[in-house]
$ cat entry_17.cif   # mmCIF, N, CA and C atoms
data_input
#
loop_
_atom_site.label_atom_id
_atom_site.label_comp_id
_atom_site.auth_asym_id
_atom_site.auth_seq_id
_atom_site.Cartn_x
_atom_site.Cartn_y
_atom_site.Cartn_z
N MET A 1 38.59 50.98 5.93
CA MET A 1 38.14 50.90 4.57
C MET A 1 38.20 49.47 4.06
N ILE A 2 39.31 48.79 4.32
CA ILE A 2 39.45 47.40 3.86
C ILE A 2 38.46 46.48 4.57
N GLU A 3 38.12 46.86 5.81
CA GLU A 3 37.14 46.05 6.56
C GLU A 3 35.78 46.07 5.85
N GLN A 4 35.44 47.20 5.27
CA GLN A 4 34.17 47.31 4.55
C GLN A 4 34.17 46.39 3.33
N TYR A 5 35.27 46.33 2.60
CA TYR A 5 35.38 45.42 1.45
C TYR A 5 35.28 43.96 1.88
N ILE A 6 35.96 43.64 2.95
CA ILE A 6 35.92 42.25 3.46
C ILE A 6 34.50 41.91 3.90
N SER A 7 33.85 42.85 4.56
CA SER A 7 32.48 42.63 5.01
C SER A 7 31.54 42.43 3.81
N ASN A 8 31.66 43.22 2.77
CA ASN A 8 30.83 43.10 1.57
C ASN A 8 31.10 41.78 0.86
N ILE A 9 32.35 41.39 0.76
CA ILE A 9 32.70 40.11 0.12
C ILE A 9 32.14 38.95 0.92
N THR A 10 32.26 39.00 2.23
CA THR A 10 31.74 37.93 3.09
C THR A 10 30.23 37.81 2.94
N LEU A 11 29.54 38.94 2.98
CA LEU A 11 28.08 38.91 2.82
C LEU A 11 27.68 38.39 1.43
N SER A 12 28.44 38.76 0.43
CA SER A 12 28.16 38.27 -0.93
C SER A 12 28.35 36.76 -1.00
N LEU A 13 29.42 36.26 -0.40
CA LEU A 13 29.66 34.81 -0.40
C LEU A 13 28.58 34.07 0.38
N ILE A 14 28.14 34.62 1.49
CA ILE A 14 27.04 34.00 2.26
C ILE A 14 25.77 33.99 1.42
N GLY A 15 25.48 35.08 0.73
CA GLY A 15 24.30 35.16 -0.14
C GLY A 15 24.37 34.15 -1.27
N LEU A 16 25.53 34.04 -1.92
CA LEU A 16 25.69 33.06 -3.00
C LEU A 16 25.58 31.63 -2.47
N GLY A 17 26.14 31.39 -1.30
CA GLY A 17 26.03 30.05 -0.69
C GLY A 17 24.59 29.70 -0.38
N THR A 18 23.86 30.66 0.17
CA THR A 18 22.44 30.45 0.47
C THR A 18 21.65 30.20 -0.81
N LEU A 19 21.93 30.96 -1.84
CA LEU A 19 21.26 30.76 -3.12
C LEU A 19 21.56 29.38 -3.68
N GLY A 20 22.81 28.96 -3.58
CA GLY A 20 23.19 27.62 -4.04
C GLY A 20 22.46 26.53 -3.27
N LEU A 21 22.35 26.69 -1.95
CA LEU A 21 21.62 25.70 -1.14
C LEU A 21 20.14 25.67 -1.50
N LEU A 22 19.55 26.82 -1.76
CA LEU A 22 18.14 26.86 -2.16
C LEU A 22 17.93 26.17 -3.51
N ILE A 23 18.82 26.38 -4.44
CA ILE A 23 18.72 25.73 -5.75
C ILE A 23 18.88 24.22 -5.59
N LEU A 24 19.82 23.80 -4.77
CA LEU A 24 20.03 22.37 -4.51
C LEU A 24 18.80 21.75 -3.85
N ALA A 25 18.24 22.44 -2.87
CA ALA A 25 17.05 21.94 -2.18
C ALA A 25 15.87 21.83 -3.15
N ALA A 26 15.70 22.80 -4.02
CA ALA A 26 14.60 22.76 -4.99
C ALA A 26 14.76 21.60 -5.96
N SER A 27 15.98 21.35 -6.41
CA SER A 27 16.19 20.24 -7.34
C SER A 27 15.99 18.89 -6.64
N LEU A 28 16.42 18.77 -5.40
CA LEU A 28 16.18 17.54 -4.64
C LEU A 28 14.69 17.33 -4.40
N TYR A 29 13.98 18.41 -4.10
CA TYR A 29 12.55 18.31 -3.89
C TYR A 29 11.84 17.80 -5.14
N ARG A 30 12.23 18.31 -6.30
CA ARG A 30 11.62 17.85 -7.56
C ARG A 30 11.89 16.38 -7.82
N LYS A 31 13.03 15.88 -7.38
CA LYS A 31 13.35 14.47 -7.59
C LYS A 31 12.68 13.57 -6.57
N VAL A 32 12.56 14.02 -5.34
CA VAL A 32 12.01 13.19 -4.27
C VAL A 32 10.48 13.20 -4.26
N LYS A 33 9.87 14.28 -4.69
CA LYS A 33 8.42 14.41 -4.64
C LYS A 33 7.70 13.29 -5.40
N PRO A 34 8.06 12.95 -6.65
CA PRO A 34 7.36 11.86 -7.33
C PRO A 34 7.51 10.52 -6.62
N ILE A 35 8.65 10.28 -6.01
CA ILE A 35 8.85 9.02 -5.28
C ILE A 35 7.92 8.97 -4.08
N TYR A 36 7.83 10.07 -3.35
CA TYR A 36 6.95 10.14 -2.19
C TYR A 36 5.49 9.99 -2.61
N GLU A 37 5.10 10.68 -3.68
CA GLU A 37 3.71 10.60 -4.13
C GLU A 37 3.36 9.20 -4.61
N ALA A 38 4.28 8.53 -5.28
CA ALA A 38 4.02 7.16 -5.73
C ALA A 38 3.84 6.24 -4.53
N ARG A 39 4.67 6.41 -3.53
CA ARG A 39 4.56 5.58 -2.32
C ARG A 39 3.22 5.86 -1.64
N PHE A 40 2.84 7.13 -1.55
CA PHE A 40 1.57 7.49 -0.94
C PHE A 40 0.41 6.90 -1.73
N ASN A 41 0.49 6.94 -3.06
CA ASN A 41 -0.58 6.38 -3.88
C ASN A 41 -0.72 4.88 -3.68
N ILE A 42 0.41 4.18 -3.55
CA ILE A 42 0.36 2.73 -3.32
C ILE A 42 -0.29 2.44 -1.98
N GLU A 43 0.11 3.17 -0.95
CA GLU A 43 -0.49 2.98 0.37
C GLU A 43 -1.98 3.32 0.35
N GLN A 44 -2.32 4.38 -0.36
CA GLN A 44 -3.71 4.79 -0.45
C GLN A 44 -4.52 3.73 -1.20
N ARG A 45 -3.99 3.20 -2.29
CA ARG A 45 -4.69 2.15 -3.04
C ARG A 45 -4.90 0.91 -2.17
N ASN A 46 -3.87 0.53 -1.41
CA ASN A 46 -4.01 -0.62 -0.52
C ASN A 46 -5.09 -0.37 0.52
N ARG A 47 -5.13 0.83 1.07
CA ARG A 47 -6.14 1.17 2.07
C ARG A 47 -7.54 1.15 1.45
N ILE A 48 -7.67 1.68 0.24
CA ILE A 48 -8.96 1.66 -0.45
C ILE A 48 -9.39 0.22 -0.71
N GLY A 49 -8.44 -0.63 -1.12
CA GLY A 49 -8.76 -2.04 -1.35
C GLY A 49 -9.22 -2.74 -0.09
N GLN A 50 -8.58 -2.46 1.02
CA GLN A 50 -8.99 -3.05 2.30
C GLN A 50 -10.39 -2.59 2.69
N LEU A 51 -10.65 -1.31 2.52
CA LEU A 51 -11.97 -0.79 2.85
C LEU A 51 -13.04 -1.34 1.91
N ALA A 52 -12.69 -1.56 0.65
CA ALA A 52 -13.65 -2.14 -0.30
C ALA A 52 -13.99 -3.57 0.10
N GLN A 53 -13.00 -4.32 0.56
CA GLN A 53 -13.27 -5.68 1.03
C GLN A 53 -14.16 -5.64 2.27
N ASP A 54 -13.91 -4.69 3.16
CA ASP A 54 -14.77 -4.53 4.34
C ASP A 54 -16.19 -4.19 3.91
N ALA A 55 -16.32 -3.29 2.95
CA ALA A 55 -17.65 -2.90 2.47
C ALA A 55 -18.38 -4.09 1.87
N TYR A 56 -17.66 -4.88 1.08
CA TYR A 56 -18.31 -6.03 0.46
C TYR A 56 -18.73 -7.05 1.51
N ALA A 57 -17.87 -7.31 2.48
CA ALA A 57 -18.21 -8.25 3.55
C ALA A 57 -19.42 -7.75 4.34
N TRP A 58 -19.48 -6.44 4.58
CA TRP A 58 -20.60 -5.87 5.32
C TRP A 58 -21.92 -6.05 4.58
N VAL A 59 -21.91 -5.79 3.27
CA VAL A 59 -23.17 -5.95 2.52
C VAL A 59 -23.53 -7.41 2.33
N GLU A 60 -22.55 -8.28 2.27
CA GLU A 60 -22.85 -9.72 2.17
C GLU A 60 -23.61 -10.18 3.41
N ARG A 61 -23.22 -9.64 4.55
CA ARG A 61 -23.89 -10.03 5.79
C ARG A 61 -25.24 -9.34 5.95
N ASN A 62 -25.33 -8.07 5.60
CA ASN A 62 -26.55 -7.29 5.87
C ASN A 62 -27.55 -7.24 4.72
N TYR A 63 -27.11 -7.53 3.51
CA TYR A 63 -28.00 -7.43 2.35
C TYR A 63 -27.95 -8.70 1.51
N ALA A 64 -27.92 -9.83 2.13
CA ALA A 64 -27.85 -11.10 1.40
C ALA A 64 -29.05 -11.22 0.47
N GLY A 65 -28.79 -11.59 -0.78
CA GLY A 65 -29.84 -11.78 -1.76
C GLY A 65 -30.43 -10.50 -2.32
N ALA A 66 -29.80 -9.37 -2.08
CA ALA A 66 -30.36 -8.09 -2.55
C ALA A 66 -29.94 -7.74 -3.97
N GLY A 67 -29.10 -8.57 -4.59
CA GLY A 67 -28.71 -8.33 -5.98
C GLY A 67 -27.94 -7.04 -6.16
N ALA A 68 -28.39 -6.22 -7.11
CA ALA A 68 -27.70 -4.97 -7.43
C ALA A 68 -27.75 -3.99 -6.26
N GLY A 69 -28.72 -4.15 -5.39
CA GLY A 69 -28.81 -3.29 -4.21
C GLY A 69 -27.59 -3.43 -3.31
N LYS A 70 -27.04 -4.63 -3.27
CA LYS A 70 -25.83 -4.86 -2.47
C LYS A 70 -24.69 -4.00 -2.98
N PHE A 71 -24.56 -3.96 -4.29
CA PHE A 71 -23.47 -3.19 -4.89
C PHE A 71 -23.60 -1.71 -4.52
N HIS A 72 -24.81 -1.18 -4.63
CA HIS A 72 -25.02 0.23 -4.33
C HIS A 72 -24.80 0.53 -2.84
N GLU A 73 -25.20 -0.40 -1.99
CA GLU A 73 -24.96 -0.22 -0.55
C GLU A 73 -23.47 -0.28 -0.25
N ALA A 74 -22.74 -1.16 -0.93
CA ALA A 74 -21.29 -1.25 -0.74
C ALA A 74 -20.62 0.04 -1.19
N VAL A 75 -21.08 0.61 -2.30
CA VAL A 75 -20.53 1.87 -2.79
C VAL A 75 -20.78 2.98 -1.77
N LYS A 76 -22.00 3.05 -1.22
CA LYS A 76 -22.30 4.06 -0.21
C LYS A 76 -21.41 3.87 1.03
N TYR A 77 -21.27 2.62 1.47
CA TYR A 77 -20.45 2.31 2.65
C TYR A 77 -19.01 2.77 2.43
N LEU A 78 -18.46 2.41 1.28
CA LEU A 78 -17.07 2.76 0.99
C LEU A 78 -16.90 4.27 0.85
N THR A 79 -17.83 4.94 0.22
CA THR A 79 -17.75 6.39 0.06
C THR A 79 -17.75 7.09 1.42
N VAL A 80 -18.60 6.63 2.33
CA VAL A 80 -18.64 7.20 3.68
C VAL A 80 -17.33 6.96 4.41
N LYS A 81 -16.83 5.73 4.35
CA LYS A 81 -15.58 5.41 5.05
C LYS A 81 -14.41 6.23 4.49
N LEU A 82 -14.35 6.37 3.18
CA LEU A 82 -13.28 7.17 2.59
C LEU A 82 -13.40 8.63 3.00
N GLY A 83 -14.61 9.13 3.09
CA GLY A 83 -14.82 10.49 3.54
C GLY A 83 -14.36 10.68 4.98
N GLN A 84 -14.55 9.66 5.81
CA GLN A 84 -14.14 9.75 7.21
C GLN A 84 -12.63 9.82 7.36
N ILE A 85 -11.90 9.17 6.46
CA ILE A 85 -10.44 9.21 6.57
C ILE A 85 -9.83 10.29 5.68
N GLY A 86 -10.69 11.06 4.99
CA GLY A 86 -10.21 12.20 4.22
C GLY A 86 -9.69 11.86 2.83
N VAL A 87 -10.12 10.73 2.27
CA VAL A 87 -9.69 10.34 0.93
C VAL A 87 -10.82 10.64 -0.03
N SER A 88 -10.50 11.36 -1.09
CA SER A 88 -11.50 11.71 -2.09
C SER A 88 -11.08 11.10 -3.43
N ILE A 89 -11.89 10.17 -3.93
CA ILE A 89 -11.63 9.57 -5.23
C ILE A 89 -12.90 9.63 -6.06
N LYS A 90 -12.75 9.40 -7.34
CA LYS A 90 -13.88 9.47 -8.27
C LYS A 90 -14.84 8.30 -8.00
N PRO A 91 -16.14 8.52 -8.27
CA PRO A 91 -17.12 7.44 -8.07
C PRO A 91 -16.78 6.19 -8.88
N GLU A 92 -16.18 6.36 -10.07
CA GLU A 92 -15.83 5.20 -10.88
C GLU A 92 -14.77 4.35 -10.17
N GLU A 93 -13.85 5.01 -9.47
CA GLU A 93 -12.81 4.28 -8.76
C GLU A 93 -13.39 3.55 -7.55
N VAL A 94 -14.40 4.14 -6.91
CA VAL A 94 -15.07 3.47 -5.80
C VAL A 94 -15.75 2.21 -6.32
N GLU A 95 -16.46 2.34 -7.44
CA GLU A 95 -17.15 1.19 -8.02
C GLU A 95 -16.16 0.12 -8.45
N ALA A 96 -15.04 0.53 -9.01
CA ALA A 96 -14.03 -0.44 -9.43
C ALA A 96 -13.44 -1.18 -8.23
N ALA A 97 -13.23 -0.47 -7.13
CA ALA A 97 -12.71 -1.12 -5.93
C ALA A 97 -13.70 -2.14 -5.38
N ILE A 98 -14.98 -1.80 -5.40
CA ILE A 98 -16.02 -2.75 -4.95
C ILE A 98 -16.07 -3.95 -5.89
N GLN A 99 -16.00 -3.71 -7.19
CA GLN A 99 -16.02 -4.80 -8.16
C GLN A 99 -14.84 -5.74 -7.95
N LYS A 100 -13.67 -5.17 -7.72
CA LYS A 100 -12.49 -5.98 -7.47
C LYS A 100 -12.65 -6.80 -6.20
N ALA A 101 -13.20 -6.19 -5.16
CA ALA A 101 -13.43 -6.91 -3.90
C ALA A 101 -14.41 -8.07 -4.14
N TRP A 102 -15.44 -7.83 -4.95
CA TRP A 102 -16.40 -8.89 -5.26
C TRP A 102 -15.71 -10.04 -6.00
N GLU A 103 -14.87 -9.70 -6.96
CA GLU A 103 -14.17 -10.73 -7.74
C GLU A 103 -13.22 -11.53 -6.87
N GLU A 104 -12.57 -10.87 -5.91
CA GLU A 104 -11.67 -11.59 -5.00
C GLU A 104 -12.46 -12.45 -4.02
N PHE A 105 -13.63 -12.00 -3.63
CA PHE A 105 -14.47 -12.72 -2.68
C PHE A 105 -15.18 -13.90 -3.33
N ASN A 106 -15.47 -13.79 -4.62
CA ASN A 106 -16.20 -14.82 -5.38
C ASN A 106 -15.42 -15.23 -6.62
N PRO A 107 -14.26 -15.85 -6.49
CA PRO A 107 -13.47 -16.16 -7.69
C PRO A 107 -14.17 -17.15 -8.62
N GLU A 108 -14.96 -18.07 -8.07
CA GLU A 108 -15.64 -19.04 -8.94
C GLU A 108 -16.72 -18.38 -9.79
N LYS A 109 -17.41 -17.40 -9.25
CA LYS A 109 -18.42 -16.68 -10.03
C LYS A 109 -17.76 -15.84 -11.11
N HIS A 110 -16.62 -15.25 -10.79
CA HIS A 110 -15.90 -14.43 -11.76
C HIS A 110 -15.44 -15.29 -12.93
N LYS A 111 -14.98 -16.51 -12.66
CA LYS A 111 -14.52 -17.40 -13.74
C LYS A 111 -15.69 -17.79 -14.63
N ASN A 112 -16.86 -18.03 -14.04
CA ASN A 112 -18.02 -18.40 -14.85
C ASN A 112 -18.48 -17.26 -15.75
N ILE A 113 -18.37 -16.05 -15.28
CA ILE A 113 -18.77 -14.89 -16.08
C ILE A 113 -17.82 -14.70 -17.25
N MET A 114 -16.54 -14.95 -17.02
CA MET A 114 -15.54 -14.72 -18.05
C MET A 114 -15.60 -15.77 -19.16
N LYS A 115 -16.24 -16.90 -18.96
CA LYS A 115 -16.31 -17.95 -19.98
C LYS A 115 -17.25 -17.61 -21.08
#

$ encode --input "entry_17.cif" --output "structure tokens"
Amino acid sequence: MIEQYISNITLSLIGLGTLGLLILAASLYRKVKPIYEARFNIEQRNRIGQLAQDAYAWVERNYAGAGAGKFHEAVKYLTVKLGQIGVSIKPEEVEAAIQKAWEEFNPEKHKNIMK
């Protein structure tokens, strides 16, 4: 009879311990998840920036003197490359990345526009 009580108490303590570990794991997950996502976003932004620079360099070589057509070709190039690596971002962000790459590639032109 006493063995049954000991067995029930032991199982209850194991259940409470498991519940406590699950609660602890959930709270740790909530704290660590934003840190992981921020790190992933930074890495993703860096990768998008690198690909935007590649896109701009590609259109500079293949579409020299094409004006606004270069920009649209760079956007298409970057959109395709991002699709190949499984990154989905808004078209405005793609355009902004290309614009930033252009400004970094042509700092003297950017300064003249800003005056």

$ closest_residue --input "entry_17.cif" --among "A:Lys70, A:Ile85, A:Ile14, A:Glu95" --to "A:Tyr56" --atoms "only N, CA and C atoms"
A:Lys70

$ residues_around --input "entry_17.cif" --residues "A:Lys100" --least-positions-apart "5" --cutoff "8 Å" --atoms "only N, CA and C atoms" --output "ChimeraX atom specification"
/A:49,52-53,94-95,105-106

$ atom_distance --input "entry_17.cif" --atom1 "atom C of A:Ala57" --atom2 "atom N of A:Ile98"
12.2 Å

$ closest_residue --input "entry_17.cif" --among "A:Tyr5, A:Tyr29, A:Tyr36, A:Tyr77" --to "A:Asp54" --atoms "only C-alpha atoms"
A:Tyr77

$ atom_distance --input "entry_17.cif" --atom1 "atom CA of A:Gly83" --atom2 "atom CA of A:Gln99"
19.3 Å

$ residues_around --input "entry_17.cif" --residues "stretch 73-76 of chain A" --least-positions-apart "2" --cutoff "6 Å" --atoms "all atoms listed in the file" --output "NGL selection string"
:A and (55-56 or 59 or 69-71 or 78-81 or 94)

$ atom_distance --input "entry_17.cif" --atom1 "atom C of A:Arg47" --atom2 "atom CA of A:Trp102"
15.0 Å

$ axis_aligned_box --input "entry_17.cif" --around "stretch 60-74 of chain A" --padding-each-side "8 Å" --output "AutoDock Vina command-line options"
--center_x -25.5 --center_y -5.6 --center_z -0.7 --size_x 25.8 --size_y 28.3 --size_z 29.4

$ build_atoms --input "entry_17.cif" --residues "stretch 50-61 of chain A" --atoms "all heavy atoms" --output "PDB file, in the coordinates of the input"
ATOM      1  N   GLN A  50      -8.580  -2.460   1.020  1.00  0.00           N
ATOM      2  CA  GLN A  50      -8.990  -3.050   2.300  1.00  0.00           C
ATOM      3  C   GLN A  50     -10.390  -2.590   2.690  1.00  0.00           C
ATOM      4  O   GLN A  50     -11.225  -3.401   3.124  1.00  0.00           O
ATOM      5  CB  GLN A  50      -8.004  -2.673   3.406  1.00  0.00           C
ATOM      6  CG  GLN A  50      -6.659  -3.330   3.280  1.00  0.00           C
ATOM      7  CD  GLN A  50      -5.654  -2.740   4.265  1.00  0.00           C
ATOM      8  OE1 GLN A  50      -5.892  -1.676   4.853  1.00  0.00           O
ATOM      9  NE2 GLN A  50      -4.537  -3.419   4.442  1.00  0.00           N
ATOM     10  N   LEU A  51     -10.650  -1.310   2.520  1.00  0.00           N
ATOM     11  CA  LEU A  51     -11.970  -0.790   2.850  1.00  0.00           C
ATOM     12  C   LEU A  51     -13.040  -1.340   1.910  1.00  0.00           C
ATOM     13  O   LEU A  51     -14.178  -1.575   2.320  1.00  0.00           O
ATOM     14  CB  LEU A  51     -11.970   0.740   2.826  1.00  0.00           C
ATOM     15  CG  LEU A  51     -11.232   1.415   3.979  1.00  0.00           C
ATOM     16  CD1 LEU A  51     -11.147   2.914   3.748  1.00  0.00           C
ATOM     17  CD2 LEU A  51     -11.911   1.122   5.301  1.00  0.00           C
ATOM     18  N   ALA A  52     -12.690  -1.560   0.650  1.00  0.00           N
ATOM     19  CA  ALA A  52     -13.650  -2.140  -0.300  1.00  0.00           C
ATOM     20  C   ALA A  52     -13.990  -3.570   0.100  1.00  0.00           C
ATOM     21  O   ALA A  52     -15.153  -3.981   0.013  1.00  0.00           O
ATOM     22  CB  ALA A  52     -13.077  -2.107  -1.715  1.00  0.00           C
ATOM     23  N   GLN A  53     -13.000  -4.320   0.560  1.00  0.00           N
ATOM     24  CA  GLN A  53     -13.270  -5.680   1.030  1.00  0.00           C
ATOM     25  C   GLN A  53     -14.160  -5.640   2.270  1.00  0.00           C
ATOM     26  O   GLN A  53     -15.077  -6.452   2.410  1.00  0.00           O
ATOM     27  CB  GLN A  53     -11.968  -6.408   1.324  1.00  0.00           C
ATOM     28  CG  GLN A  53     -11.204  -6.763   0.075  1.00  0.00           C
ATOM     29  CD  GLN A  53      -9.857  -7.386   0.380  1.00  0.00           C
ATOM     30  OE1 GLN A  53      -9.378  -7.361   1.506  1.00  0.00           O
ATOM     31  NE2 GLN A  53      -9.231  -7.955  -0.639  1.00  0.00           N
ATOM     32  N   ASP A  54     -13.910  -4.690   3.160  1.00  0.00           N
ATOM     33  CA  ASP A  54     -14.770  -4.530   4.340  1.00  0.00           C
ATOM     34  C   ASP A  54     -16.190  -4.190   3.910  1.00  0.00           C
ATOM     35  O   ASP A  54     -17.162  -4.722   4.463  1.00  0.00           O
ATOM     36  CB  ASP A  54     -14.237  -3.416   5.250  1.00  0.00           C
ATOM     37  CG  ASP A  54     -12.913  -3.771   5.911  1.00  0.00           C
ATOM     38  OD1 ASP A  54     -12.512  -4.956   5.851  1.00  0.00           O
ATOM     39  OD2 ASP A  54     -12.280  -2.858   6.471  1.00  0.00           O
ATOM     40  N   ALA A  55     -16.320  -3.290   2.950  1.00  0.00           N
ATOM     41  CA  ALA A  55     -17.650  -2.900   2.470  1.00  0.00           C
ATOM     42  C   ALA A  55     -18.380  -4.090   1.870  1.00  0.00           C
ATOM     43  O   ALA A  55     -19.567  -4.297   2.134  1.00  0.00           O
ATOM     44  CB  ALA A  55     -17.518  -1.778   1.424  1.00  0.00           C
ATOM     45  N   TYR A  56     -17.660  -4.880   1.080  1.00  0.00           N
ATOM     46  CA  TYR A  56     -18.310  -6.030   0.460  1.00  0.00           C
ATOM     47  C   TYR A  56     -18.730  -7.050   1.510  1.00  0.00           C
ATOM     48  O   TYR A  56     -19.834  -7.604   1.455  1.00  0.00           O
ATOM     49  CB  TYR A  56     -17.402  -6.671  -0.589  1.00  0.00           C
ATOM     50  CG  TYR A  56     -18.145  -7.750  -1.334  1.00  0.00           C
ATOM     51  CD1 TYR A  56     -19.075  -7.413  -2.305  1.00  0.00           C
ATOM     52  CD2 TYR A  56     -17.979  -9.087  -1.017  1.00  0.00           C
ATOM     53  CE1 TYR A  56     -19.799  -8.388  -2.961  1.00  0.00           C
ATOM     54  CE2 TYR A  56     -18.697 -10.067  -1.669  1.00  0.00           C
ATOM     55  CZ  TYR A  56     -19.599  -9.713  -2.631  1.00  0.00           C
ATOM     56  OH  TYR A  56     -20.325 -10.677  -3.270  1.00  0.00           O
ATOM     57  N   ALA A  57     -17.870  -7.310   2.480  1.00  0.00           N
ATOM     58  CA  ALA A  57     -18.210  -8.250   3.550  1.00  0.00           C
ATOM     59  C   ALA A  57     -19.420  -7.750   4.340  1.00  0.00           C
ATOM     60  O   ALA A  57     -20.310  -8.534   4.707  1.00  0.00           O
ATOM     61  CB  ALA A  57     -17.012  -8.464   4.469  1.00  0.00           C
ATOM     62  N   TRP A  58     -19.480  -6.440   4.580  1.00  0.00           N
ATOM     63  CA  TRP A  58     -20.600  -5.870   5.320  1.00  0.00           C
ATOM     64  C   TRP A  58     -21.920  -6.050   4.580  1.00  0.00           C
ATOM     65  O   TRP A  58     -22.922  -6.442   5.163  1.00  0.00           O
ATOM     66  CB  TRP A  58     -20.321  -4.388   5.579  1.00  0.00           C
ATOM     67  CG  TRP A  58     -21.385  -3.715   6.369  1.00  0.00           C
ATOM     68  CD1 TRP A  58     -21.602  -3.783   7.708  1.00  0.00           C
ATOM     69  CD2 TRP A  58     -22.402  -2.852   5.850  1.00  0.00           C
ATOM     70  NE1 TRP A  58     -22.682  -3.014   8.053  1.00  0.00           N
ATOM     71  CE2 TRP A  58     -23.195  -2.433   6.933  1.00  0.00           C
ATOM     72  CE3 TRP A  58     -22.714  -2.394   4.576  1.00  0.00           C
ATOM     73  CZ2 TRP A  58     -24.267  -1.583   6.783  1.00  0.00           C
ATOM     74  CZ3 TRP A  58     -23.783  -1.540   4.427  1.00  0.00           C
ATOM     75  CH2 TRP A  58     -24.552  -1.145   5.518  1.00  0.00           C
ATOM     76  N   VAL A  59     -21.910  -5.790   3.270  1.00  0.00           N
ATOM     77  CA  VAL A  59     -23.170  -5.950   2.520  1.00  0.00           C
ATOM     78  C   VAL A  59     -23.530  -7.410   2.330  1.00  0.00           C
ATOM     79  O   VAL A  59     -24.707  -7.740   2.253  1.00  0.00           O
ATOM     80  CB  VAL A  59     -23.159  -5.213   1.154  1.00  0.00           C
ATOM     81  CG1 VAL A  59     -23.042  -3.733   1.335  1.00  0.00           C
ATOM     82  CG2 VAL A  59     -22.124  -5.741   0.220  1.00  0.00           C
ATOM     83  N   GLU A  60     -22.550  -8.280   2.270  1.00  0.00           N
ATOM     84  CA  GLU A  60     -22.850  -9.720   2.170  1.00  0.00           C
ATOM     85  C   GLU A  60     -23.610 -10.180   3.410  1.00  0.00           C
ATOM     86  O   GLU A  60     -24.502 -11.003   3.312  1.00  0.00           O
ATOM     87  CB  GLU A  60     -21.561 -10.540   2.022  1.00  0.00           C
ATOM     88  CG  GLU A  60     -21.067 -10.667   0.614  1.00  0.00           C
ATOM     89  CD  GLU A  60     -22.011 -11.451  -0.289  1.00  0.00           C
ATOM     90  OE1 GLU A  60     -22.486 -12.539   0.104  1.00  0.00           O
ATOM     91  OE2 GLU A  60     -22.301 -10.963  -1.384  1.00  0.00           O
ATOM     92  N   ARG A  61     -23.220  -9.640   4.550  1.00  0.00           N
ATOM     93  CA  ARG A  61     -23.890 -10.030   5.790  1.00  0.00           C
ATOM     94  C   ARG A  61     -25.240  -9.340   5.950  1.00  0.00           C
ATOM     95  O   ARG A  61     -26.217  -9.967   6.360  1.00  0.00           O
ATOM     96  CB  ARG A  61     -22.997  -9.687   6.991  1.00  0.00           C
ATOM     97  CG  ARG A  61     -23.551 -10.263   8.288  1.00  0.00           C
ATOM     98  CD  ARG A  61     -22.749  -9.857   9.503  1.00  0.00           C
ATOM     99  NE  ARG A  61     -23.134  -8.489   9.831  1.00  0.00           N
ATOM    100  CZ  ARG A  61     -22.290  -7.512  10.111  1.00  0.00           C
ATOM    101  NH1 ARG A  61     -21.002  -7.739  10.106  1.00  0.00           N
ATOM    102  NH2 ARG A  61     -22.705  -6.306  10.389  1.00  0.00           N
TER     103      ARG A  61
END
